[in-house]
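Here is upload.cif, consisting of mmCIF, N, CA and C atoms:
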data_protein
loop_
_atom_site.label_atom_id
_atom_site.label_comp_id
_atom_site.auth_asym_id
_atom_site.auth_seq_id
_atom_site.Cartn_x
_atom_site.Cartn_y
_atom_site.Cartn_z
N MET A 1108 -15.46 -42.31 21.61
CA MET A 1108 -15.56 -41.65 20.31
C MET A 1108 -14.31 -40.82 20.10
N THR A 1109 -13.68 -40.99 18.96
CA THR A 1109 -12.46 -40.25 18.68
C THR A 1109 -12.79 -38.96 17.95
N ALA A 1110 -11.94 -37.99 18.15
CA ALA A 1110 -12.13 -36.69 17.49
C ALA A 1110 -11.71 -36.79 16.03
N ILE A 1111 -12.34 -36.04 15.19
CA ILE A 1111 -12.01 -36.02 13.77
C ILE A 1111 -10.79 -35.14 13.57
N PRO A 1112 -9.78 -35.64 12.87
CA PRO A 1112 -8.69 -34.75 12.52
C PRO A 1112 -9.22 -33.63 11.64
N LYS A 1113 -8.87 -32.39 11.95
CA LYS A 1113 -9.43 -31.25 11.23
C LYS A 1113 -9.08 -31.25 9.75
N TYR A 1114 -7.88 -31.74 9.42
CA TYR A 1114 -7.51 -31.71 8.01
C TYR A 1114 -8.39 -32.64 7.19
N ASN A 1115 -8.89 -33.74 7.75
CA ASN A 1115 -9.79 -34.60 7.00
C ASN A 1115 -11.13 -33.93 6.75
N ALA A 1116 -11.70 -33.32 7.78
CA ALA A 1116 -12.98 -32.64 7.62
C ALA A 1116 -12.84 -31.47 6.64
N LYS A 1117 -11.75 -30.73 6.75
CA LYS A 1117 -11.52 -29.62 5.82
C LYS A 1117 -11.32 -30.13 4.39
N GLU A 1118 -10.59 -31.23 4.26
CA GLU A 1118 -10.33 -31.78 2.94
C GLU A 1118 -11.63 -32.24 2.29
N VAL A 1119 -12.47 -32.91 3.04
CA VAL A 1119 -13.77 -33.34 2.52
C VAL A 1119 -14.58 -32.13 2.08
N GLY A 1120 -14.62 -31.10 2.91
CA GLY A 1120 -15.37 -29.89 2.57
C GLY A 1120 -14.85 -29.21 1.33
N ARG A 1121 -13.54 -29.11 1.21
CA ARG A 1121 -12.94 -28.46 0.04
C ARG A 1121 -13.21 -29.24 -1.24
N VAL A 1122 -13.03 -30.55 -1.17
CA VAL A 1122 -13.25 -31.37 -2.37
C VAL A 1122 -14.71 -31.29 -2.79
N ARG A 1123 -15.61 -31.43 -1.84
CA ARG A 1123 -17.04 -31.39 -2.19
C ARG A 1123 -17.45 -30.03 -2.73
N LEU A 1124 -16.95 -28.96 -2.13
CA LEU A 1124 -17.26 -27.62 -2.64
C LEU A 1124 -16.71 -27.44 -4.04
N ASN A 1125 -15.47 -27.86 -4.26
CA ASN A 1125 -14.84 -27.74 -5.57
C ASN A 1125 -15.61 -28.55 -6.62
N VAL A 1126 -16.03 -29.76 -6.26
CA VAL A 1126 -16.78 -30.61 -7.18
C VAL A 1126 -18.15 -29.98 -7.49
N THR A 1127 -18.81 -29.46 -6.47
CA THR A 1127 -20.12 -28.84 -6.69
C THR A 1127 -20.01 -27.62 -7.59
N LEU A 1128 -19.03 -26.76 -7.32
CA LEU A 1128 -18.83 -25.58 -8.17
C LEU A 1128 -18.52 -25.99 -9.61
N TYR A 1129 -17.66 -27.00 -9.77
CA TYR A 1129 -17.31 -27.47 -11.12
C TYR A 1129 -18.55 -27.98 -11.85
N ARG A 1130 -19.33 -28.82 -11.18
CA ARG A 1130 -20.50 -29.39 -11.84
C ARG A 1130 -21.52 -28.32 -12.21
N VAL A 1131 -21.76 -27.37 -11.32
CA VAL A 1131 -22.70 -26.29 -11.60
C VAL A 1131 -22.22 -25.47 -12.79
N MET A 1132 -20.95 -25.09 -12.77
CA MET A 1132 -20.42 -24.28 -13.88
C MET A 1132 -20.37 -25.07 -15.18
N ALA A 1133 -20.11 -26.37 -15.13
CA ALA A 1133 -20.11 -27.18 -16.35
C ALA A 1133 -21.49 -27.19 -16.98
N TYR A 1134 -22.53 -27.40 -16.16
CA TYR A 1134 -23.88 -27.42 -16.70
C TYR A 1134 -24.33 -26.05 -17.20
N ILE A 1135 -24.05 -25.02 -16.45
CA ILE A 1135 -24.46 -23.67 -16.89
C ILE A 1135 -23.74 -23.29 -18.18
N THR A 1136 -22.43 -23.51 -18.23
CA THR A 1136 -21.66 -23.17 -19.43
C THR A 1136 -22.14 -23.98 -20.62
N GLY A 1137 -22.42 -25.26 -20.41
CA GLY A 1137 -22.90 -26.11 -21.50
C GLY A 1137 -24.25 -25.67 -22.03
N VAL A 1138 -25.16 -25.35 -21.14
CA VAL A 1138 -26.50 -24.92 -21.57
C VAL A 1138 -26.42 -23.59 -22.33
N VAL A 1139 -25.65 -22.65 -21.80
CA VAL A 1139 -25.53 -21.35 -22.47
C VAL A 1139 -24.87 -21.51 -23.84
N LEU A 1140 -23.91 -22.42 -23.96
CA LEU A 1140 -23.27 -22.65 -25.26
C LEU A 1140 -24.25 -23.25 -26.26
N ILE A 1141 -25.09 -24.15 -25.81
CA ILE A 1141 -26.11 -24.73 -26.70
C ILE A 1141 -27.09 -23.64 -27.14
N VAL A 1142 -27.52 -22.81 -26.20
CA VAL A 1142 -28.42 -21.70 -26.55
C VAL A 1142 -27.74 -20.77 -27.55
N LEU A 1143 -26.47 -20.47 -27.33
CA LEU A 1143 -25.72 -19.62 -28.26
C LEU A 1143 -25.69 -20.23 -29.66
N CYS A 1144 -25.45 -21.53 -29.74
CA CYS A 1144 -25.41 -22.18 -31.05
C CYS A 1144 -26.77 -22.14 -31.75
N ILE A 1145 -27.83 -22.33 -30.98
CA ILE A 1145 -29.18 -22.27 -31.56
C ILE A 1145 -29.47 -20.88 -32.11
N PHE A 1146 -29.14 -19.86 -31.33
CA PHE A 1146 -29.37 -18.49 -31.81
C PHE A 1146 -28.42 -18.12 -32.95
N ALA A 1147 -27.22 -18.66 -32.97
CA ALA A 1147 -26.29 -18.38 -34.07
C ALA A 1147 -26.81 -18.98 -35.37
N ILE A 1148 -27.38 -20.17 -35.28
CA ILE A 1148 -27.98 -20.78 -36.47
C ILE A 1148 -29.21 -19.99 -36.91
N ALA A 1149 -30.02 -19.57 -35.94
CA ALA A 1149 -31.21 -18.78 -36.27
C ALA A 1149 -30.83 -17.42 -36.84
N GLN A 1150 -29.69 -16.91 -36.47
CA GLN A 1150 -29.24 -15.61 -36.96
C GLN A 1150 -29.02 -15.65 -38.48
N ALA A 1151 -28.72 -16.80 -39.01
CA ALA A 1151 -28.52 -16.93 -40.45
C ALA A 1151 -29.79 -16.58 -41.23
N PHE A 1152 -30.94 -16.73 -40.58
CA PHE A 1152 -32.21 -16.46 -41.25
C PHE A 1152 -32.79 -15.09 -40.91
N THR A 1153 -32.13 -14.36 -40.02
CA THR A 1153 -32.59 -13.02 -39.65
C THR A 1153 -31.43 -12.04 -39.79
N ASP A 1154 -31.74 -10.78 -39.65
CA ASP A 1154 -30.70 -9.76 -39.74
C ASP A 1154 -30.27 -9.24 -38.37
N ASP A 1155 -30.83 -9.80 -37.30
CA ASP A 1155 -30.55 -9.31 -35.95
C ASP A 1155 -29.44 -10.15 -35.30
N SER A 1156 -28.32 -9.49 -35.01
CA SER A 1156 -27.20 -10.21 -34.39
C SER A 1156 -26.99 -9.80 -32.93
N ALA A 1157 -27.85 -8.94 -32.41
CA ALA A 1157 -27.67 -8.42 -31.05
C ALA A 1157 -27.77 -9.52 -30.01
N ILE A 1158 -28.75 -10.40 -30.15
CA ILE A 1158 -28.94 -11.46 -29.14
C ILE A 1158 -27.75 -12.43 -29.14
N VAL A 1159 -27.22 -12.72 -30.31
CA VAL A 1159 -26.05 -13.60 -30.41
C VAL A 1159 -24.85 -12.94 -29.75
N ASN A 1160 -24.70 -11.64 -29.94
CA ASN A 1160 -23.58 -10.92 -29.30
C ASN A 1160 -23.71 -10.96 -27.78
N VAL A 1161 -24.92 -10.77 -27.27
CA VAL A 1161 -25.14 -10.77 -25.82
C VAL A 1161 -24.89 -12.17 -25.25
N ILE A 1162 -25.48 -13.18 -25.87
CA ILE A 1162 -25.30 -14.54 -25.36
C ILE A 1162 -23.84 -14.97 -25.50
N GLY A 1163 -23.18 -14.55 -26.57
CA GLY A 1163 -21.76 -14.87 -26.74
C GLY A 1163 -20.91 -14.25 -25.65
N THR A 1164 -21.22 -13.02 -25.29
CA THR A 1164 -20.49 -12.35 -24.21
C THR A 1164 -20.74 -13.04 -22.87
N VAL A 1165 -22.00 -13.40 -22.63
CA VAL A 1165 -22.33 -14.11 -21.38
C VAL A 1165 -21.60 -15.45 -21.32
N HIS A 1166 -21.60 -16.17 -22.44
CA HIS A 1166 -20.88 -17.45 -22.47
C HIS A 1166 -19.39 -17.24 -22.23
N GLY A 1167 -18.82 -16.22 -22.82
CA GLY A 1167 -17.40 -15.95 -22.61
C GLY A 1167 -17.07 -15.69 -21.15
N LEU A 1168 -17.90 -14.90 -20.49
CA LEU A 1168 -17.69 -14.63 -19.07
C LEU A 1168 -17.88 -15.89 -18.23
N LEU A 1169 -18.92 -16.67 -18.54
CA LEU A 1169 -19.15 -17.91 -17.81
C LEU A 1169 -18.02 -18.91 -18.04
N TYR A 1170 -17.47 -18.93 -19.24
CA TYR A 1170 -16.37 -19.85 -19.53
C TYR A 1170 -15.13 -19.48 -18.71
N ILE A 1171 -14.89 -18.20 -18.52
CA ILE A 1171 -13.76 -17.78 -17.67
C ILE A 1171 -13.98 -18.26 -16.24
N VAL A 1172 -15.19 -18.12 -15.73
CA VAL A 1172 -15.50 -18.61 -14.38
C VAL A 1172 -15.35 -20.13 -14.34
N TYR A 1173 -15.81 -20.82 -15.40
CA TYR A 1173 -15.65 -22.27 -15.50
C TYR A 1173 -14.18 -22.66 -15.42
N LEU A 1174 -13.32 -21.96 -16.12
CA LEU A 1174 -11.89 -22.25 -16.06
C LEU A 1174 -11.33 -22.03 -14.66
N ILE A 1175 -11.75 -20.94 -14.03
CA ILE A 1175 -11.27 -20.62 -12.68
C ILE A 1175 -11.71 -21.69 -11.68
N VAL A 1176 -12.89 -22.27 -11.89
CA VAL A 1176 -13.40 -23.30 -10.99
C VAL A 1176 -12.82 -24.68 -11.31
N SER A 1177 -12.68 -25.00 -12.59
CA SER A 1177 -12.30 -26.36 -12.96
C SER A 1177 -10.80 -26.63 -12.83
N TYR A 1178 -9.96 -25.64 -13.05
CA TYR A 1178 -8.52 -25.90 -12.97
C TYR A 1178 -8.08 -26.36 -11.58
N PRO A 1179 -8.51 -25.68 -10.50
CA PRO A 1179 -8.13 -26.19 -9.17
C PRO A 1179 -8.64 -27.61 -8.91
N LEU A 1180 -9.80 -27.96 -9.46
CA LEU A 1180 -10.30 -29.32 -9.29
C LEU A 1180 -9.38 -30.32 -9.98
N THR A 1181 -8.92 -29.99 -11.18
CA THR A 1181 -8.02 -30.91 -11.88
C THR A 1181 -6.72 -31.09 -11.10
N ARG A 1182 -6.25 -30.06 -10.45
CA ARG A 1182 -5.02 -30.17 -9.64
C ARG A 1182 -5.28 -30.93 -8.36
N ARG A 1183 -6.43 -30.69 -7.73
CA ARG A 1183 -6.76 -31.38 -6.48
C ARG A 1183 -6.93 -32.88 -6.72
N LEU A 1184 -7.52 -33.25 -7.87
CA LEU A 1184 -7.71 -34.66 -8.21
C LEU A 1184 -6.48 -35.28 -8.85
N ARG A 1185 -5.48 -34.45 -9.13
CA ARG A 1185 -4.24 -34.88 -9.78
C ARG A 1185 -4.52 -35.60 -11.11
N LEU A 1186 -5.34 -34.95 -11.93
CA LEU A 1186 -5.67 -35.53 -13.23
C LEU A 1186 -4.44 -35.53 -14.13
N PRO A 1187 -4.31 -36.55 -14.97
CA PRO A 1187 -3.24 -36.53 -15.97
C PRO A 1187 -3.45 -35.40 -16.98
N PHE A 1188 -2.47 -35.21 -17.85
CA PHE A 1188 -2.46 -34.08 -18.78
C PHE A 1188 -3.71 -34.05 -19.67
N TRP A 1189 -4.01 -35.14 -20.38
CA TRP A 1189 -5.11 -35.12 -21.36
C TRP A 1189 -6.49 -34.97 -20.72
N PRO A 1190 -6.78 -35.62 -19.62
CA PRO A 1190 -8.07 -35.32 -18.97
C PRO A 1190 -8.17 -33.87 -18.50
N THR A 1191 -7.06 -33.29 -18.05
CA THR A 1191 -7.07 -31.88 -17.66
C THR A 1191 -7.40 -31.01 -18.87
N ILE A 1192 -6.78 -31.28 -19.99
CA ILE A 1192 -7.05 -30.53 -21.22
C ILE A 1192 -8.52 -30.70 -21.63
N ALA A 1193 -9.04 -31.93 -21.53
CA ALA A 1193 -10.44 -32.18 -21.89
C ALA A 1193 -11.38 -31.37 -21.00
N VAL A 1194 -11.10 -31.33 -19.70
CA VAL A 1194 -11.95 -30.56 -18.78
C VAL A 1194 -11.91 -29.08 -19.13
N LEU A 1195 -10.72 -28.56 -19.38
CA LEU A 1195 -10.58 -27.13 -19.63
C LEU A 1195 -11.16 -26.70 -20.97
N LEU A 1196 -11.11 -27.56 -21.96
CA LEU A 1196 -11.63 -27.20 -23.28
C LEU A 1196 -13.08 -27.60 -23.51
N ALA A 1197 -13.67 -28.33 -22.57
CA ALA A 1197 -15.03 -28.83 -22.75
C ALA A 1197 -16.04 -27.70 -22.92
N GLY A 1198 -15.79 -26.54 -22.34
CA GLY A 1198 -16.72 -25.42 -22.44
C GLY A 1198 -16.71 -24.72 -23.78
N THR A 1199 -15.90 -25.19 -24.72
CA THR A 1199 -15.83 -24.56 -26.04
C THR A 1199 -16.55 -25.35 -27.11
N ILE A 1200 -16.96 -26.57 -26.80
CA ILE A 1200 -17.62 -27.44 -27.77
C ILE A 1200 -19.02 -27.76 -27.26
N PRO A 1201 -20.06 -27.49 -28.05
CA PRO A 1201 -21.42 -27.77 -27.58
C PRO A 1201 -21.59 -29.23 -27.14
N VAL A 1202 -22.27 -29.44 -26.03
CA VAL A 1202 -22.60 -30.73 -25.43
C VAL A 1202 -21.38 -31.40 -24.76
N MET A 1203 -20.18 -30.94 -25.04
CA MET A 1203 -18.99 -31.61 -24.52
C MET A 1203 -18.86 -31.47 -23.00
N THR A 1204 -19.36 -30.37 -22.41
CA THR A 1204 -19.25 -30.23 -20.96
C THR A 1204 -20.01 -31.35 -20.25
N PHE A 1205 -21.13 -31.77 -20.80
CA PHE A 1205 -21.93 -32.83 -20.18
C PHE A 1205 -21.20 -34.17 -20.27
N ILE A 1206 -20.60 -34.45 -21.41
CA ILE A 1206 -19.89 -35.70 -21.61
C ILE A 1206 -18.65 -35.77 -20.72
N VAL A 1207 -17.85 -34.71 -20.75
CA VAL A 1207 -16.62 -34.69 -19.97
C VAL A 1207 -16.94 -34.71 -18.47
N GLU A 1208 -17.95 -33.97 -18.05
CA GLU A 1208 -18.31 -33.96 -16.62
C GLU A 1208 -18.70 -35.35 -16.16
N ALA A 1209 -19.49 -36.06 -16.96
CA ALA A 1209 -19.91 -37.42 -16.58
C ALA A 1209 -18.72 -38.37 -16.50
N ARG A 1210 -17.82 -38.28 -17.45
CA ARG A 1210 -16.65 -39.17 -17.44
C ARG A 1210 -15.70 -38.85 -16.30
N ILE A 1211 -15.46 -37.57 -16.08
CA ILE A 1211 -14.56 -37.16 -14.99
C ILE A 1211 -15.19 -37.54 -13.64
N ARG A 1212 -16.47 -37.34 -13.51
CA ARG A 1212 -17.15 -37.69 -12.26
C ARG A 1212 -17.04 -39.19 -11.99
N HIS A 1213 -17.29 -39.99 -13.02
CA HIS A 1213 -17.26 -41.44 -12.85
C HIS A 1213 -15.84 -41.96 -12.61
N ARG A 1214 -14.89 -41.44 -13.35
CA ARG A 1214 -13.53 -42.00 -13.30
C ARG A 1214 -12.66 -41.40 -12.19
N TYR A 1215 -12.84 -40.11 -11.88
CA TYR A 1215 -11.93 -39.45 -10.94
C TYR A 1215 -12.61 -38.90 -9.68
N ILE A 1216 -13.77 -38.25 -9.84
CA ILE A 1216 -14.38 -37.57 -8.70
C ILE A 1216 -14.95 -38.56 -7.69
N GLU A 1217 -15.76 -39.52 -8.14
CA GLU A 1217 -16.36 -40.47 -7.21
C GLU A 1217 -15.32 -41.28 -6.45
N PRO A 1218 -14.26 -41.81 -7.12
CA PRO A 1218 -13.23 -42.50 -6.34
C PRO A 1218 -12.50 -41.58 -5.36
N ALA A 1219 -12.28 -40.34 -5.75
CA ALA A 1219 -11.59 -39.41 -4.85
C ALA A 1219 -12.44 -39.11 -3.62
N LEU A 1220 -13.73 -38.88 -3.83
CA LEU A 1220 -14.61 -38.62 -2.69
C LEU A 1220 -14.73 -39.85 -1.81
N ALA A 1221 -14.77 -41.02 -2.40
CA ALA A 1221 -14.83 -42.25 -1.61
C ALA A 1221 -13.55 -42.42 -0.79
N GLY A 1222 -12.40 -42.09 -1.40
CA GLY A 1222 -11.13 -42.21 -0.70
C GLY A 1222 -11.00 -41.22 0.44
N VAL A 1223 -11.47 -40.00 0.23
CA VAL A 1223 -11.40 -38.98 1.28
C VAL A 1223 -12.33 -39.35 2.42
N THR A 1224 -13.53 -39.79 2.09
CA THR A 1224 -14.50 -40.14 3.12
C THR A 1224 -14.06 -41.39 3.88
N ALA A 1225 -13.43 -42.33 3.19
CA ALA A 1225 -13.00 -43.57 3.83
C ALA A 1225 -11.92 -43.33 4.89
N ARG A 1226 -11.18 -42.24 4.78
CA ARG A 1226 -10.12 -41.96 5.74
C ARG A 1226 -10.65 -41.36 7.04
N LEU A 1227 -11.93 -40.96 7.04
CA LEU A 1227 -12.50 -40.39 8.27
C LEU A 1227 -12.81 -41.51 9.26
N PRO A 1228 -12.79 -41.21 10.54
CA PRO A 1228 -13.14 -42.23 11.53
C PRO A 1228 -14.58 -42.70 11.36
N VAL A 1229 -14.81 -43.96 11.61
CA VAL A 1229 -16.14 -44.56 11.43
C VAL A 1229 -17.15 -43.96 12.39
N GLU A 1230 -16.71 -43.52 13.56
CA GLU A 1230 -17.63 -43.01 14.57
C GLU A 1230 -18.27 -41.69 14.17
N HIS A 1231 -17.71 -40.99 13.22
CA HIS A 1231 -18.27 -39.69 12.84
C HIS A 1231 -19.57 -39.93 12.09
N VAL A 1232 -20.66 -39.46 12.63
CA VAL A 1232 -21.99 -39.76 12.12
C VAL A 1232 -22.22 -39.21 10.72
N SER A 1233 -21.75 -38.01 10.43
CA SER A 1233 -22.04 -37.36 9.16
C SER A 1233 -21.47 -38.12 7.97
N PHE A 1234 -20.34 -38.77 8.16
CA PHE A 1234 -19.68 -39.42 7.04
C PHE A 1234 -19.66 -40.92 7.13
N SER A 1235 -20.23 -41.49 8.15
CA SER A 1235 -20.19 -42.92 8.36
C SER A 1235 -21.15 -43.62 7.41
N LEU A 1236 -20.70 -44.75 6.86
CA LEU A 1236 -21.55 -45.55 6.01
C LEU A 1236 -22.30 -46.60 6.82
N GLN A 1237 -21.89 -46.79 8.06
CA GLN A 1237 -22.52 -47.78 8.92
C GLN A 1237 -23.57 -47.10 9.79
N PRO A 1238 -24.65 -47.83 10.14
CA PRO A 1238 -25.67 -47.21 10.99
C PRO A 1238 -25.12 -46.95 12.39
N ARG A 1239 -25.63 -45.93 13.01
CA ARG A 1239 -25.19 -45.55 14.36
C ARG A 1239 -25.81 -46.51 15.38
N ARG A 1240 -25.00 -46.94 16.34
CA ARG A 1240 -25.48 -47.89 17.36
C ARG A 1240 -25.90 -47.19 18.60
#

Here is the file; what I need is its structure written in the form of structure tokens.
Amino acid sequence: MTAIPKYNAKEVGRVRLNVTLYRVMAYITGVVLIVLCIFAIAQAFTDDSAIVNVIGTVHGLLYIVYLIVSYPLTRRLRLPFWPTIAVLLAGTIPVMTFIVEARIRHRYIEPALAGVTARLPVEHVSFSLQPRR
């Protein structure tokens, strides 16, 4: 059994952590933005704007965290210019985070994870696609 090169195991861990953080923040930011839009529309029929202000502030803070999480992922995956812009701006358009996350995951994240995992030795049980003998 050969030892795993540490940079491969670390690379797999970093990519997976980055992808998980990105996906979590994309979904949270998207949901909060949809809630904000619903309350903003409802605000037109009421005189209370406090809830919209609070949700807007929460979305703004979450969007900053989303940017902090998603930009390193775009660099790690070496995304071209326009997909990077799409990822970074997705948190500003309702429902767009879900669409962009699905496309980025399918086109860039899954192949990158497959490529990183494929470089690991086959004998390593945690990442092996073959059954252990």

Mind checking DSSP for segment 1125-1239 of chain A and telling me the alpha helix (DSSP H) residues as a ChimeraX atom specification? /A:1125-1150,1157-1183,1188-1196,1203-1211,1217-1225

Just so the selection is clear, what residues does the PyMOL selection byres (((chain A and resi 1172 and name CA) around 12) and name CA) cover here, as a ChimeraX atom specification? /A:1128-1129,1131-1133,1135-1136,1165-1171,1173-1179,1195,1198

Separation of atom CA of Ile1200 of chain A from atom N of Ile1141 of chain A, in Å and rounded to one decimal: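 So the two atoms, atom CA of Ile1200 of chain A and atom N of Ile1141 of chain A, lie 8.4 Å apart.
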
Atom pair atom C of Tyr1215 of chain A / atom N of Gly1120 of chain A: separation (Å):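 These atoms are spaced 14.9 Å apart.
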
Which distance in Å separates atom CA of Leu1140 of chain A and atom C of Asn1160 of chain A, to one decimal?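 Here the two named atoms are 12.0 Å from each other.
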
Exercise: Pro1190 of chain A partners within 8 Å, only N, CA and C atoms, chain neighbours under 4 positions left out, as an mmCIF file with N, CA and C atoms, in the coordinates of the input:
data_model
loop_
_atom_site.group_PDB
_atom_site.id
_atom_site.type_symbol
_atom_site.label_atom_id
_atom_site.label_comp_id
_atom_site.auth_asym_id
_atom_site.auth_seq_id
_atom_site.Cartn_x
_atom_site.Cartn_y
_atom_site.Cartn_z
ATOM 1 N N THR A 1181 -8.920 -29.990 -11.180
ATOM 2 C CA THR A 1181 -8.020 -30.910 -11.880
ATOM 3 C C THR A 1181 -6.720 -31.090 -11.100
ATOM 4 N N LEU A 1186 -5.340 -34.950 -11.930
ATOM 5 C CA LEU A 1186 -5.670 -35.530 -13.230
ATOM 6 C C LEU A 1186 -4.440 -35.530 -14.130
ATOM 7 N N VAL A 1194 -11.100 -31.330 -19.700
ATOM 8 C CA VAL A 1194 -11.950 -30.560 -18.780
ATOM 9 C C VAL A 1194 -11.910 -29.080 -19.130
ATOM 10 N N LEU A 1195 -10.720 -28.560 -19.380
ATOM 11 C CA LEU A 1195 -10.580 -27.130 -19.630
ATOM 12 C C LEU A 1195 -11.160 -26.700 -20.970
ATOM 13 N N LEU A 1196 -11.110 -27.560 -21.960
ATOM 14 C CA LEU A 1196 -11.630 -27.200 -23.280
ATOM 15 C C LEU A 1196 -13.080 -27.600 -23.510
ATOM 16 N N ILE A 1211 -15.460 -37.570 -16.080
ATOM 17 C CA ILE A 1211 -14.560 -37.160 -14.990
ATOM 18 C C ILE A 1211 -15.190 -37.540 -13.640
#

If I put a ball of radius 8 Å at (-10.5, -38.2, -9.8) in the file's coordinates, which residues poke into it when counting only N, CA and C atoms, written as a list in words?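 All residues meeting the 8 Å criterion around (-10.5, -38.2, -9.8) are Leu1180, Thr1181, Arg1183, Leu1184, Arg1185, Leu1186, Ile1211, Arg1212, His1213, Arg1214, Tyr1215, Ile1216, Glu1217, Pro1218, Ala1219 and Leu1220 of chain A.
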